[in-house]
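Visitor: Have a peek at target_23.cif (mmCIF, N, CA and C atoms).
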data_entry
loop_
_atom_site.label_atom_id
_atom_site.label_comp_id
_atom_site.auth_asym_id
_atom_site.auth_seq_id
_atom_site.Cartn_x
_atom_site.Cartn_y
_atom_site.Cartn_z
N MET T 573 -25.61 71.07 -47.02
CA MET T 573 -26.78 71.02 -46.16
C MET T 573 -26.68 72.10 -45.09
N GLU T 574 -27.78 72.70 -44.80
CA GLU T 574 -27.89 73.74 -43.79
C GLU T 574 -27.62 73.15 -42.40
N ARG T 575 -26.92 73.92 -41.55
CA ARG T 575 -26.59 73.50 -40.19
C ARG T 575 -26.93 74.61 -39.20
N ILE T 576 -27.23 74.24 -37.98
CA ILE T 576 -27.46 75.21 -36.92
C ILE T 576 -26.15 75.36 -36.15
N PRO T 577 -25.67 76.60 -35.98
CA PRO T 577 -24.40 76.81 -35.28
C PRO T 577 -24.50 76.40 -33.81
N ILE T 578 -23.40 75.84 -33.31
CA ILE T 578 -23.29 75.45 -31.91
C ILE T 578 -22.06 76.16 -31.37
N ILE T 579 -22.25 76.94 -30.30
CA ILE T 579 -21.17 77.75 -29.73
C ILE T 579 -20.74 77.14 -28.41
N LYS T 580 -19.44 76.97 -28.23
CA LYS T 580 -18.91 76.47 -26.96
C LYS T 580 -18.66 77.65 -26.04
N MET T 581 -19.21 77.56 -24.81
CA MET T 581 -19.02 78.60 -23.80
C MET T 581 -18.58 77.90 -22.52
N GLY T 582 -17.27 77.77 -22.31
CA GLY T 582 -16.78 77.04 -21.16
C GLY T 582 -17.23 75.59 -21.24
N PRO T 583 -17.86 75.07 -20.17
CA PRO T 583 -18.30 73.68 -20.19
C PRO T 583 -19.67 73.48 -20.86
N PHE T 584 -20.20 74.55 -21.46
CA PHE T 584 -21.53 74.49 -22.05
C PHE T 584 -21.49 74.67 -23.56
N LEU T 585 -22.53 74.15 -24.22
CA LEU T 585 -22.76 74.39 -25.64
C LEU T 585 -24.06 75.18 -25.75
N LEU T 586 -24.03 76.22 -26.56
CA LEU T 586 -25.19 77.07 -26.78
C LEU T 586 -25.67 76.93 -28.21
N VAL T 587 -26.95 76.64 -28.36
CA VAL T 587 -27.58 76.50 -29.67
C VAL T 587 -28.73 77.49 -29.73
N THR T 588 -28.71 78.37 -30.70
CA THR T 588 -29.83 79.29 -30.89
C THR T 588 -30.47 78.95 -32.23
N ILE T 589 -31.69 78.47 -32.17
CA ILE T 589 -32.41 78.08 -33.38
C ILE T 589 -33.15 79.30 -33.90
N GLN T 590 -32.75 79.76 -35.08
CA GLN T 590 -33.35 80.98 -35.64
C GLN T 590 -34.03 80.74 -36.98
N VAL T 591 -34.16 79.48 -37.35
CA VAL T 591 -34.80 79.13 -38.62
C VAL T 591 -35.88 78.10 -38.33
N ASP T 592 -36.84 77.99 -39.25
CA ASP T 592 -37.85 76.93 -39.11
C ASP T 592 -37.16 75.59 -39.24
N MET T 593 -37.50 74.70 -38.33
CA MET T 593 -36.87 73.39 -38.29
C MET T 593 -37.59 72.42 -39.20
N HIS T 594 -36.84 71.69 -39.99
CA HIS T 594 -37.40 70.58 -40.76
C HIS T 594 -36.68 69.32 -40.29
N ASP T 595 -37.22 68.18 -40.65
CA ASP T 595 -36.74 66.91 -40.09
C ASP T 595 -35.24 66.69 -40.26
N ARG T 596 -34.71 66.96 -41.45
CA ARG T 596 -33.27 66.73 -41.68
C ARG T 596 -32.42 67.67 -40.84
N LEU T 597 -32.87 68.91 -40.67
CA LEU T 597 -32.12 69.87 -39.87
C LEU T 597 -32.10 69.45 -38.39
N VAL T 598 -33.22 68.93 -37.90
CA VAL T 598 -33.29 68.45 -36.52
C VAL T 598 -32.35 67.27 -36.33
N MET T 599 -32.34 66.35 -37.28
CA MET T 599 -31.43 65.19 -37.20
C MET T 599 -29.97 65.63 -37.23
N ALA T 600 -29.65 66.60 -38.09
CA ALA T 600 -28.28 67.10 -38.17
C ALA T 600 -27.88 67.77 -36.85
N LEU T 601 -28.80 68.51 -36.25
CA LEU T 601 -28.53 69.15 -34.96
C LEU T 601 -28.24 68.09 -33.90
N GLN T 602 -29.05 67.06 -33.87
CA GLN T 602 -28.84 65.99 -32.89
C GLN T 602 -27.46 65.36 -33.08
N GLU T 603 -27.09 65.07 -34.31
CA GLU T 603 -25.78 64.47 -34.58
C GLU T 603 -24.64 65.43 -34.22
N ASP T 604 -24.77 66.69 -34.60
CA ASP T 604 -23.73 67.68 -34.30
C ASP T 604 -23.55 67.87 -32.80
N LEU T 605 -24.67 67.97 -32.08
CA LEU T 605 -24.59 68.15 -30.63
C LEU T 605 -23.95 66.95 -29.95
N THR T 606 -24.34 65.76 -30.37
CA THR T 606 -23.76 64.54 -29.80
C THR T 606 -22.26 64.53 -30.01
N GLU T 607 -21.83 64.86 -31.21
CA GLU T 607 -20.39 64.89 -31.51
C GLU T 607 -19.67 65.94 -30.67
N MET T 608 -20.27 67.12 -30.55
CA MET T 608 -19.60 68.19 -29.80
C MET T 608 -19.58 67.93 -28.30
N VAL T 609 -20.62 67.32 -27.75
CA VAL T 609 -20.60 66.96 -26.33
C VAL T 609 -19.45 65.99 -26.09
N SER T 610 -19.32 65.03 -26.99
CA SER T 610 -18.26 64.03 -26.86
C SER T 610 -16.87 64.63 -27.04
N SER T 611 -16.68 65.39 -28.10
CA SER T 611 -15.34 65.90 -28.41
C SER T 611 -14.89 67.03 -27.49
N ASN T 612 -15.84 67.80 -26.95
CA ASN T 612 -15.48 68.93 -26.09
C ASN T 612 -15.66 68.64 -24.61
N GLY T 613 -16.23 67.49 -24.28
CA GLY T 613 -16.48 67.19 -22.88
C GLY T 613 -17.47 68.16 -22.25
N ALA T 614 -18.41 68.65 -23.04
CA ALA T 614 -19.39 69.62 -22.54
C ALA T 614 -20.24 68.98 -21.45
N ARG T 615 -20.56 69.75 -20.43
CA ARG T 615 -21.38 69.26 -19.32
C ARG T 615 -22.80 69.80 -19.39
N GLY T 616 -23.05 70.74 -20.29
CA GLY T 616 -24.39 71.30 -20.42
C GLY T 616 -24.66 71.77 -21.83
N VAL T 617 -25.93 71.65 -22.24
CA VAL T 617 -26.37 72.12 -23.55
C VAL T 617 -27.57 73.03 -23.32
N LEU T 618 -27.51 74.22 -23.87
CA LEU T 618 -28.60 75.17 -23.76
C LEU T 618 -29.15 75.40 -25.17
N ILE T 619 -30.43 75.10 -25.36
CA ILE T 619 -31.06 75.24 -26.68
C ILE T 619 -32.08 76.37 -26.59
N ASN T 620 -31.82 77.45 -27.30
CA ASN T 620 -32.69 78.62 -27.31
C ASN T 620 -33.67 78.51 -28.48
N ILE T 621 -34.97 78.37 -28.14
CA ILE T 621 -35.98 78.23 -29.20
C ILE T 621 -36.89 79.46 -29.26
N SER T 622 -36.41 80.59 -28.77
CA SER T 622 -37.25 81.79 -28.70
C SER T 622 -37.71 82.29 -30.07
N SER T 623 -37.01 81.92 -31.12
CA SER T 623 -37.40 82.37 -32.46
C SER T 623 -38.42 81.44 -33.12
N LEU T 624 -38.69 80.28 -32.51
CA LEU T 624 -39.62 79.33 -33.12
C LEU T 624 -41.06 79.70 -32.78
N ASP T 625 -41.88 79.79 -33.82
CA ASP T 625 -43.29 80.08 -33.63
C ASP T 625 -44.10 78.80 -33.48
N MET T 626 -43.49 77.66 -33.87
CA MET T 626 -44.21 76.39 -33.84
C MET T 626 -43.23 75.27 -33.56
N VAL T 627 -43.65 74.33 -32.73
CA VAL T 627 -42.90 73.10 -32.50
C VAL T 627 -43.88 71.96 -32.70
N ASP T 628 -43.63 71.11 -33.70
CA ASP T 628 -44.54 69.99 -33.93
C ASP T 628 -44.10 68.79 -33.10
N SER T 629 -44.85 67.71 -33.19
CA SER T 629 -44.57 66.55 -32.35
C SER T 629 -43.20 65.95 -32.65
N TYR T 630 -42.77 65.96 -33.90
CA TYR T 630 -41.46 65.41 -34.25
C TYR T 630 -40.34 66.23 -33.60
N ILE T 631 -40.41 67.53 -33.71
CA ILE T 631 -39.37 68.39 -33.12
C ILE T 631 -39.40 68.26 -31.60
N GLY T 632 -40.59 68.17 -31.02
CA GLY T 632 -40.70 67.96 -29.58
C GLY T 632 -40.04 66.67 -29.15
N ARG T 633 -40.28 65.59 -29.89
CA ARG T 633 -39.63 64.31 -29.58
C ARG T 633 -38.13 64.39 -29.74
N MET T 634 -37.68 65.12 -30.76
CA MET T 634 -36.24 65.24 -30.99
C MET T 634 -35.57 66.04 -29.87
N LEU T 635 -36.22 67.08 -29.36
CA LEU T 635 -35.66 67.82 -28.23
C LEU T 635 -35.54 66.90 -27.02
N GLY T 636 -36.56 66.08 -26.79
CA GLY T 636 -36.49 65.09 -25.71
C GLY T 636 -35.39 64.08 -25.96
N GLY T 637 -35.23 63.67 -27.22
CA GLY T 637 -34.17 62.72 -27.58
C GLY T 637 -32.79 63.30 -27.35
N ILE T 638 -32.61 64.57 -27.70
CA ILE T 638 -31.33 65.24 -27.47
C ILE T 638 -31.02 65.25 -25.98
N ALA T 639 -32.03 65.57 -25.16
CA ALA T 639 -31.81 65.60 -23.71
C ALA T 639 -31.44 64.21 -23.19
N SER T 640 -32.09 63.17 -23.70
CA SER T 640 -31.77 61.81 -23.26
C SER T 640 -30.36 61.42 -23.67
N ILE T 641 -29.98 61.73 -24.89
CA ILE T 641 -28.64 61.39 -25.38
C ILE T 641 -27.58 62.13 -24.58
N THR T 642 -27.76 63.43 -24.39
CA THR T 642 -26.75 64.19 -23.66
C THR T 642 -26.67 63.74 -22.21
N SER T 643 -27.79 63.34 -21.64
CA SER T 643 -27.78 62.83 -20.27
C SER T 643 -26.94 61.57 -20.17
N LEU T 644 -27.07 60.69 -21.15
CA LEU T 644 -26.25 59.48 -21.18
C LEU T 644 -24.76 59.81 -21.33
N MET T 645 -24.49 61.00 -21.87
CA MET T 645 -23.10 61.44 -22.07
C MET T 645 -22.64 62.37 -20.95
N ASP T 646 -23.37 62.38 -19.83
CA ASP T 646 -23.01 63.15 -18.63
C ASP T 646 -23.13 64.66 -18.84
N ALA T 647 -24.16 65.07 -19.57
CA ALA T 647 -24.41 66.50 -19.77
C ALA T 647 -25.90 66.78 -19.57
N TYR T 648 -26.19 67.96 -19.09
CA TYR T 648 -27.57 68.40 -18.90
C TYR T 648 -28.01 69.21 -20.12
N THR T 649 -29.32 69.17 -20.41
CA THR T 649 -29.88 69.98 -21.49
C THR T 649 -30.99 70.86 -20.92
N VAL T 650 -30.96 72.14 -21.31
CA VAL T 650 -32.00 73.09 -20.92
C VAL T 650 -32.52 73.74 -22.20
N VAL T 651 -33.83 73.74 -22.36
CA VAL T 651 -34.48 74.44 -23.47
C VAL T 651 -35.00 75.76 -22.92
N VAL T 652 -34.66 76.85 -23.59
CA VAL T 652 -35.05 78.17 -23.11
C VAL T 652 -35.81 78.94 -24.19
N GLY T 653 -36.57 79.94 -23.74
CA GLY T 653 -37.20 80.88 -24.66
C GLY T 653 -38.46 80.38 -25.34
N MET T 654 -39.13 79.39 -24.75
CA MET T 654 -40.33 78.88 -25.40
C MET T 654 -41.43 79.95 -25.38
N GLN T 655 -41.97 80.23 -26.55
CA GLN T 655 -43.06 81.20 -26.68
C GLN T 655 -44.33 80.62 -26.06
N PRO T 656 -45.18 81.47 -25.45
CA PRO T 656 -46.42 80.96 -24.85
C PRO T 656 -47.27 80.15 -25.83
N ALA T 657 -47.38 80.61 -27.06
CA ALA T 657 -48.20 79.89 -28.05
C ALA T 657 -47.63 78.50 -28.33
N VAL T 658 -46.31 78.39 -28.32
CA VAL T 658 -45.66 77.09 -28.53
C VAL T 658 -45.99 76.17 -27.36
N ALA T 659 -45.88 76.67 -26.14
CA ALA T 659 -46.18 75.87 -24.95
C ALA T 659 -47.64 75.40 -24.97
N ILE T 660 -48.55 76.29 -25.31
CA ILE T 660 -49.97 75.95 -25.36
C ILE T 660 -50.23 74.87 -26.40
N THR T 661 -49.65 75.05 -27.59
CA THR T 661 -49.83 74.07 -28.67
C THR T 661 -49.28 72.71 -28.27
N MET T 662 -48.11 72.69 -27.62
CA MET T 662 -47.52 71.42 -27.21
C MET T 662 -48.41 70.70 -26.22
N VAL T 663 -48.98 71.43 -25.27
CA VAL T 663 -49.89 70.82 -24.29
C VAL T 663 -51.14 70.30 -25.00
N GLU T 664 -51.69 71.10 -25.91
CA GLU T 664 -52.89 70.68 -26.64
C GLU T 664 -52.65 69.43 -27.47
N LEU T 665 -51.42 69.29 -28.01
CA LEU T 665 -51.08 68.12 -28.82
C LEU T 665 -50.62 66.94 -27.97
N GLY T 666 -50.52 67.15 -26.66
CA GLY T 666 -50.08 66.06 -25.79
C GLY T 666 -48.58 65.82 -25.84
N ILE T 667 -47.82 66.82 -26.26
CA ILE T 667 -46.36 66.69 -26.35
C ILE T 667 -45.76 67.15 -25.02
N SER T 668 -45.05 66.24 -24.38
CA SER T 668 -44.36 66.63 -23.16
C SER T 668 -42.86 66.44 -23.38
N LEU T 669 -42.11 67.28 -22.77
CA LEU T 669 -40.65 67.20 -22.90
C LEU T 669 -40.09 66.56 -21.63
N GLN T 670 -40.46 65.30 -21.40
CA GLN T 670 -40.00 64.62 -20.21
C GLN T 670 -38.47 64.54 -20.21
N GLY T 671 -37.91 64.86 -19.07
CA GLY T 671 -36.46 64.81 -18.93
C GLY T 671 -35.76 66.05 -19.45
N VAL T 672 -36.53 67.01 -19.97
CA VAL T 672 -35.93 68.24 -20.51
C VAL T 672 -36.19 69.36 -19.51
N MET T 673 -35.12 69.97 -19.03
CA MET T 673 -35.28 71.13 -18.17
C MET T 673 -35.58 72.34 -19.05
N THR T 674 -36.39 73.25 -18.53
CA THR T 674 -36.72 74.46 -19.28
C THR T 674 -36.46 75.67 -18.40
N ALA T 675 -36.24 76.80 -19.06
CA ALA T 675 -36.05 78.07 -18.38
C ALA T 675 -36.63 79.16 -19.27
N LEU T 676 -36.94 80.28 -18.64
CA LEU T 676 -37.59 81.37 -19.35
C LEU T 676 -36.69 81.99 -20.43
N ASN T 677 -35.39 82.17 -20.12
CA ASN T 677 -34.49 82.82 -21.07
C ASN T 677 -33.07 82.25 -20.91
N VAL T 678 -32.15 82.74 -21.73
CA VAL T 678 -30.78 82.22 -21.74
C VAL T 678 -30.12 82.42 -20.38
N GLU T 679 -30.29 83.59 -19.79
CA GLU T 679 -29.66 83.87 -18.49
C GLU T 679 -30.13 82.88 -17.43
N LYS T 680 -31.44 82.65 -17.35
CA LYS T 680 -31.96 81.71 -16.36
C LYS T 680 -31.55 80.28 -16.70
N GLY T 681 -31.43 79.97 -17.99
CA GLY T 681 -30.97 78.64 -18.40
C GLY T 681 -29.53 78.39 -18.00
N MET T 682 -28.68 79.41 -18.17
CA MET T 682 -27.27 79.29 -17.76
C MET T 682 -27.19 79.14 -16.24
N ASP T 683 -28.01 79.89 -15.52
CA ASP T 683 -28.04 79.76 -14.05
C ASP T 683 -28.44 78.34 -13.65
N LEU T 684 -29.42 77.78 -14.35
CA LEU T 684 -29.86 76.42 -14.05
C LEU T 684 -28.75 75.41 -14.29
N LEU T 685 -28.05 75.55 -15.41
CA LEU T 685 -26.92 74.64 -15.70
C LEU T 685 -25.83 74.80 -14.64
N ARG T 686 -25.51 76.03 -14.29
CA ARG T 686 -24.48 76.27 -13.25
C ARG T 686 -24.89 75.62 -11.93
N SER T 687 -26.17 75.76 -11.57
CA SER T 687 -26.62 75.18 -10.29
C SER T 687 -26.56 73.66 -10.33
N LYS T 688 -26.89 73.06 -11.46
CA LYS T 688 -26.80 71.60 -11.59
C LYS T 688 -25.36 71.13 -11.43
N LEU T 689 -24.42 71.93 -11.92
CA LEU T 689 -23.00 71.57 -11.86
C LEU T 689 -22.30 72.18 -10.65
N LYS T 690 -23.09 72.92 -9.84
CA LYS T 690 -22.55 73.59 -8.64
C LYS T 690 -21.40 74.53 -8.98
N LEU T 691 -21.62 75.35 -10.01
CA LEU T 691 -20.62 76.32 -10.47
C LEU T 691 -21.10 77.74 -10.17
N ALA T 692 -20.18 78.59 -9.81
CA ALA T 692 -20.44 80.02 -9.77
C ALA T 692 -20.20 80.55 -11.17
N PRO T 693 -20.78 81.69 -11.57
CA PRO T 693 -20.60 82.20 -12.93
C PRO T 693 -19.15 82.29 -13.36
N GLU T 694 -18.26 82.67 -12.46
CA GLU T 694 -16.85 82.81 -12.85
C GLU T 694 -16.13 81.47 -12.97
N GLN T 695 -16.79 80.37 -12.59
CA GLN T 695 -16.17 79.06 -12.65
C GLN T 695 -16.49 78.30 -13.93
N ASP T 696 -17.25 78.89 -14.85
CA ASP T 696 -17.66 78.19 -16.05
C ASP T 696 -16.48 77.55 -16.78
N HIS T 697 -15.31 78.17 -16.70
CA HIS T 697 -14.15 77.65 -17.43
C HIS T 697 -13.29 76.72 -16.60
N GLU T 698 -13.63 76.51 -15.32
CA GLU T 698 -12.77 75.74 -14.42
C GLU T 698 -13.39 74.39 -14.02
N ILE T 699 -14.31 73.87 -14.76
CA ILE T 699 -15.02 72.66 -14.34
C ILE T 699 -14.10 71.44 -14.34
N ASP T 700 -14.29 70.60 -13.35
CA ASP T 700 -13.54 69.35 -13.24
C ASP T 700 -14.50 68.21 -13.58
N ARG T 701 -14.20 67.43 -14.59
CA ARG T 701 -15.08 66.35 -15.04
C ARG T 701 -15.15 65.21 -14.03
N GLU T 702 -14.29 65.20 -13.02
CA GLU T 702 -14.26 64.06 -12.10
C GLU T 702 -15.06 64.31 -10.84
N GLU T 703 -16.21 64.97 -10.93
CA GLU T 703 -17.05 65.22 -9.76
C GLU T 703 -17.60 63.92 -9.23
#
Spell out the structure here as structure tokens.

Guide:
Amino acid sequence: MERIPIIKMGPFLLVTIQVDMHDRLVMALQEDLTEMVSSNGARGVLINISSLDMVDSYIGRMLGGIASITSLMDAYTVVVGMQPAVAITMVELGISLQGVMTALNVEKGMDLLRSKLKLAPEQDHEIDREE
């Protein structure tokens, strides 16, 4: 089965979605991310959707679900790179990503995660889980 790669970067996990998402792939991503947050003690998840031309209601709900799950596991989730057409379509369909932080690009998303964890860029590898 096809999988989306998840890259560990210090206390963060980076996911770049570069293929069209189907239901099984979204479920596999959710399971893989949950496992990696748990096994790596990740404090933040950054999901780059800049390559997606369309996000349907199921994928929108799953992104919200991922954010809820990671929040319960003491990690923040930021979705970055949303195309304007995707944002417009989501609003028109009534899809909201409640509880999901968003940023314009990966750099701004990493800055947002760092600010949530009160980290300077050079501290990404020095995080203490006992805050």

Visitor: One decimal, Å: what's the distance from atom C of Met626 in chain T over to atom N of Val658 in chain T, could you say?

Guide: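 One can read the atom C of Met626 in chain T to atom N of Val658 in chain T distance as 6.8 Å.
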
Visitor: Need the shell around Ile619 in chain T: protein/DNA/RNA residues with any atom at most 6.5 Å away, counting all atoms listed in the file. Skip same-chain ones fewer than 2 positions apart. Format as a PDB file with N, CA and C atoms, in the coordinates of the input?

Guide:
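Written out: around_8.pdb:
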ATOM      1  N   LEU T 585     -22.530  74.150 -24.220  1.00  0.00           N
ATOM      2  CA  LEU T 585     -22.760  74.390 -25.640  1.00  0.00           C
ATOM      3  C   LEU T 585     -24.060  75.180 -25.750  1.00  0.00           C
ATOM      4  N   LEU T 586     -24.030  76.220 -26.560  1.00  0.00           N
ATOM      5  CA  LEU T 586     -25.190  77.070 -26.780  1.00  0.00           C
ATOM      6  C   LEU T 586     -25.670  76.930 -28.210  1.00  0.00           C
ATOM      7  N   VAL T 587     -26.950  76.640 -28.360  1.00  0.00           N
ATOM      8  CA  VAL T 587     -27.580  76.500 -29.670  1.00  0.00           C
ATOM      9  C   VAL T 587     -28.730  77.490 -29.730  1.00  0.00           C
ATOM     10  N   THR T 588     -28.710  78.370 -30.700  1.00  0.00           N
ATOM     11  CA  THR T 588     -29.830  79.290 -30.890  1.00  0.00           C
ATOM     12  C   THR T 588     -30.470  78.950 -32.230  1.00  0.00           C
ATOM     13  N   ILE T 589     -31.690  78.470 -32.170  1.00  0.00           N
ATOM     14  CA  ILE T 589     -32.410  78.080 -33.380  1.00  0.00           C
ATOM     15  C   ILE T 589     -33.150  79.300 -33.900  1.00  0.00           C
ATOM     16  N   VAL T 617     -25.930  71.650 -22.240  1.00  0.00           N
ATOM     17  CA  VAL T 617     -26.370  72.120 -23.550  1.00  0.00           C
ATOM     18  C   VAL T 617     -27.570  73.030 -23.320  1.00  0.00           C
ATOM     19  N   ILE T 621     -34.970  78.370 -28.140  1.00  0.00           N
ATOM     20  CA  ILE T 621     -35.980  78.230 -29.200  1.00  0.00           C
ATOM     21  C   ILE T 621     -36.890  79.460 -29.260  1.00  0.00           C
ATOM     22  N   SER T 622     -36.410  80.590 -28.770  1.00  0.00           N
ATOM     23  CA  SER T 622     -37.250  81.790 -28.700  1.00  0.00           C
ATOM     24  C   SER T 622     -37.710  82.290 -30.070  1.00  0.00           C
ATOM     25  N   THR T 649     -29.320  69.170 -20.410  1.00  0.00           N
ATOM     26  CA  THR T 649     -29.880  69.980 -21.490  1.00  0.00           C
ATOM     27  C   THR T 649     -30.990  70.860 -20.920  1.00  0.00           C
ATOM     28  N   VAL T 650     -30.960  72.140 -21.310  1.00  0.00           N
ATOM     29  CA  VAL T 650     -32.000  73.090 -20.920  1.00  0.00           C
ATOM     30  C   VAL T 650     -32.520  73.740 -22.200  1.00  0.00           C
ATOM     31  N   VAL T 651     -33.830  73.740 -22.360  1.00  0.00           N
ATOM     32  CA  VAL T 651     -34.480  74.440 -23.470  1.00  0.00           C
ATOM     33  C   VAL T 651     -35.000  75.760 -22.920  1.00  0.00           C
ATOM     34  N   VAL T 652     -34.660  76.850 -23.590  1.00  0.00           N
ATOM     35  CA  VAL T 652     -35.050  78.170 -23.110  1.00  0.00           C
ATOM     36  C   VAL T 652     -35.810  78.940 -24.190  1.00  0.00           C
ATOM     37  N   GLY T 653     -36.570  79.940 -23.740  1.00  0.00           N
ATOM     38  CA  GLY T 653     -37.200  80.880 -24.660  1.00  0.00           C
ATOM     39  C   GLY T 653     -38.460  80.380 -25.340  1.00  0.00           C
TER      40      GLY T 653
END

Visitor: Go through the shown structure with the PyMOL selection byres ((chain T and resi 638) around 8) and write out the matching residues as a list of chain:residue names.

Guide: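 Going through the file, the PyMOL selection byres ((chain T and resi 638) around 8) ends up selecting T:Leu601, T:Gln602, T:Leu605, T:Thr606, T:Gly632, T:Arg633, T:Met634, T:Leu635, T:Gly636, T:Gly637, T:Ala639, T:Ser640, T:Ile641, T:Thr642, T:Ser643, T:Leu644, T:Tyr648, T:Thr649, T:Val672.
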
Visitor: Residues picked by the PyMOL selection byres (((chain T and resi 593 and name CA) around 12) and name CA) here, as a list in words?

Guide: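 Taken on the displayed file, the PyMOL selection byres (((chain T and resi 593 and name CA) around 12) and name CA) yields the residues Glu574, Arg575, Ile576, Thr588, Ile589, Gln590, Val591, Asp592, His594, Asp595, Arg596, Leu597, Val598, Met599, Ala600, Leu601, Ile621, Ser623, Leu624, Asp625, Met626, Val627, Asp628, Ser629, Tyr630, Ile631, Gly632, Met634 and Leu635 of chain T.
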
Visitor: Just the helix (DSSP H, G or I) stuff from range 635-703 of chain T, please, per backbone DSSP, written as a ChimeraX atom specification.

Guide: /T:635-644,656-664,678-689,693-695

Visitor: CA of Met682 in chain T to CA of Gly666 in chain T: how many Å, to one decimal?

Guide: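 Between CA of Met682 in chain T and CA of Gly666 in chain T the gap is 27.6 Å.
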
Visitor: Please return the centre and edge lengths, in Å to one decimal, of a box with edges along x, y and z that contains all listed atoms of range 668-680 of chain T, widened by 8 Å on every side, as JSON.

Guide:
{"center_x": -37.4, "center_y": 74.2, "center_z": -20.4, "size_x": 31.4, "size_y": 35.3, "size_z": 24.0}

Visitor: Would you mind writing down, as a list in words, each residue of chain T that DSSP on the backbone assigns to strand (DSSP E)?

Guide: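 Here is the list: Ile578, Ile579, Lys580, Met581, Phe584, Leu585, Leu586, Val587, Thr588, Gly616, Val617, Leu618, Ile619, Asn620, Tyr648, Thr649, Val650, Val651, Val652, Met673, Thr674 and Ala675 of chain T.
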
Visitor: Between atom C of Val678 in chain T and atom N of Ala614 in chain T, what distance in Å does the model show, to one decimal?

Guide: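 Atom N of Ala614 in chain T lies 18.3 Å from atom C of Val678 in chain T.
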
Visitor: Some atoms are missing, so please complete range 596-607 of chain T with N, CA, C and O atoms and return it as a PDB file, keeping the file's coordinate frame.

Guide:
ATOM      1  N   ARG T 596     -34.710  66.960 -41.450  1.00  0.00           N
ATOM      2  CA  ARG T 596     -33.270  66.730 -41.680  1.00  0.00           C
ATOM      3  C   ARG T 596     -32.420  67.670 -40.840  1.00  0.00           C
ATOM      4  O   ARG T 596     -31.362  67.289 -40.347  1.00  0.00           O
ATOM      5  N   LEU T 597     -32.870  68.910 -40.670  1.00  0.00           N
ATOM      6  CA  LEU T 597     -32.120  69.870 -39.870  1.00  0.00           C
ATOM      7  C   LEU T 597     -32.100  69.450 -38.390  1.00  0.00           C
ATOM      8  O   LEU T 597     -31.080  69.571 -37.711  1.00  0.00           O
ATOM      9  N   VAL T 598     -33.220  68.930 -37.900  1.00  0.00           N
ATOM     10  CA  VAL T 598     -33.290  68.450 -36.520  1.00  0.00           C
ATOM     11  C   VAL T 598     -32.350  67.270 -36.330  1.00  0.00           C
ATOM     12  O   VAL T 598     -31.616  67.189 -35.337  1.00  0.00           O
ATOM     13  N   MET T 599     -32.340  66.350 -37.280  1.00  0.00           N
ATOM     14  CA  MET T 599     -31.430  65.190 -37.200  1.00  0.00           C
ATOM     15  C   MET T 599     -29.970  65.630 -37.230  1.00  0.00           C
ATOM     16  O   MET T 599     -29.137  65.112 -36.478  1.00  0.00           O
ATOM     17  N   ALA T 600     -29.650  66.600 -38.090  1.00  0.00           N
ATOM     18  CA  ALA T 600     -28.280  67.100 -38.170  1.00  0.00           C
ATOM     19  C   ALA T 600     -27.880  67.770 -36.850  1.00  0.00           C
ATOM     20  O   ALA T 600     -26.757  67.580 -36.374  1.00  0.00           O
ATOM     21  N   LEU T 601     -28.800  68.510 -36.250  1.00  0.00           N
ATOM     22  CA  LEU T 601     -28.530  69.150 -34.960  1.00  0.00           C
ATOM     23  C   LEU T 601     -28.240  68.090 -33.900  1.00  0.00           C
ATOM     24  O   LEU T 601     -27.292  68.219 -33.126  1.00  0.00           O
ATOM     25  N   GLN T 602     -29.050  67.060 -33.870  1.00  0.00           N
ATOM     26  CA  GLN T 602     -28.840  65.990 -32.890  1.00  0.00           C
ATOM     27  C   GLN T 602     -27.460  65.360 -33.080  1.00  0.00           C
ATOM     28  O   GLN T 602     -26.726  65.152 -32.104  1.00  0.00           O
ATOM     29  N   GLU T 603     -27.090  65.070 -34.310  1.00  0.00           N
ATOM     30  CA  GLU T 603     -25.780  64.470 -34.580  1.00  0.00           C
ATOM     31  C   GLU T 603     -24.640  65.430 -34.220  1.00  0.00           C
ATOM     32  O   GLU T 603     -23.660  65.019 -33.594  1.00  0.00           O
ATOM     33  N   ASP T 604     -24.770  66.690 -34.600  1.00  0.00           N
ATOM     34  CA  ASP T 604     -23.730  67.680 -34.300  1.00  0.00           C
ATOM     35  C   ASP T 604     -23.550  67.870 -32.800  1.00  0.00           C
ATOM     36  O   ASP T 604     -22.434  67.936 -32.302  1.00  0.00           O
ATOM     37  N   LEU T 605     -24.670  67.970 -32.080  1.00  0.00           N
ATOM     38  CA  LEU T 605     -24.590  68.150 -30.630  1.00  0.00           C
ATOM     39  C   LEU T 605     -23.950  66.950 -29.950  1.00  0.00           C
ATOM     40  O   LEU T 605     -23.106  67.096 -29.070  1.00  0.00           O
ATOM     41  N   THR T 606     -24.340  65.760 -30.370  1.00  0.00           N
ATOM     42  CA  THR T 606     -23.760  64.540 -29.800  1.00  0.00           C
ATOM     43  C   THR T 606     -22.260  64.530 -30.010  1.00  0.00           C
ATOM     44  O   THR T 606     -21.487  64.241 -29.082  1.00  0.00           O
ATOM     45  N   GLU T 607     -21.830  64.860 -31.210  1.00  0.00           N
ATOM     46  CA  GLU T 607     -20.390  64.890 -31.510  1.00  0.00           C
ATOM     47  C   GLU T 607     -19.670  65.940 -30.670  1.00  0.00           C
ATOM     48  O   GLU T 607     -18.595  65.684 -30.131  1.00  0.00           O
TER      49      GLU T 607
END
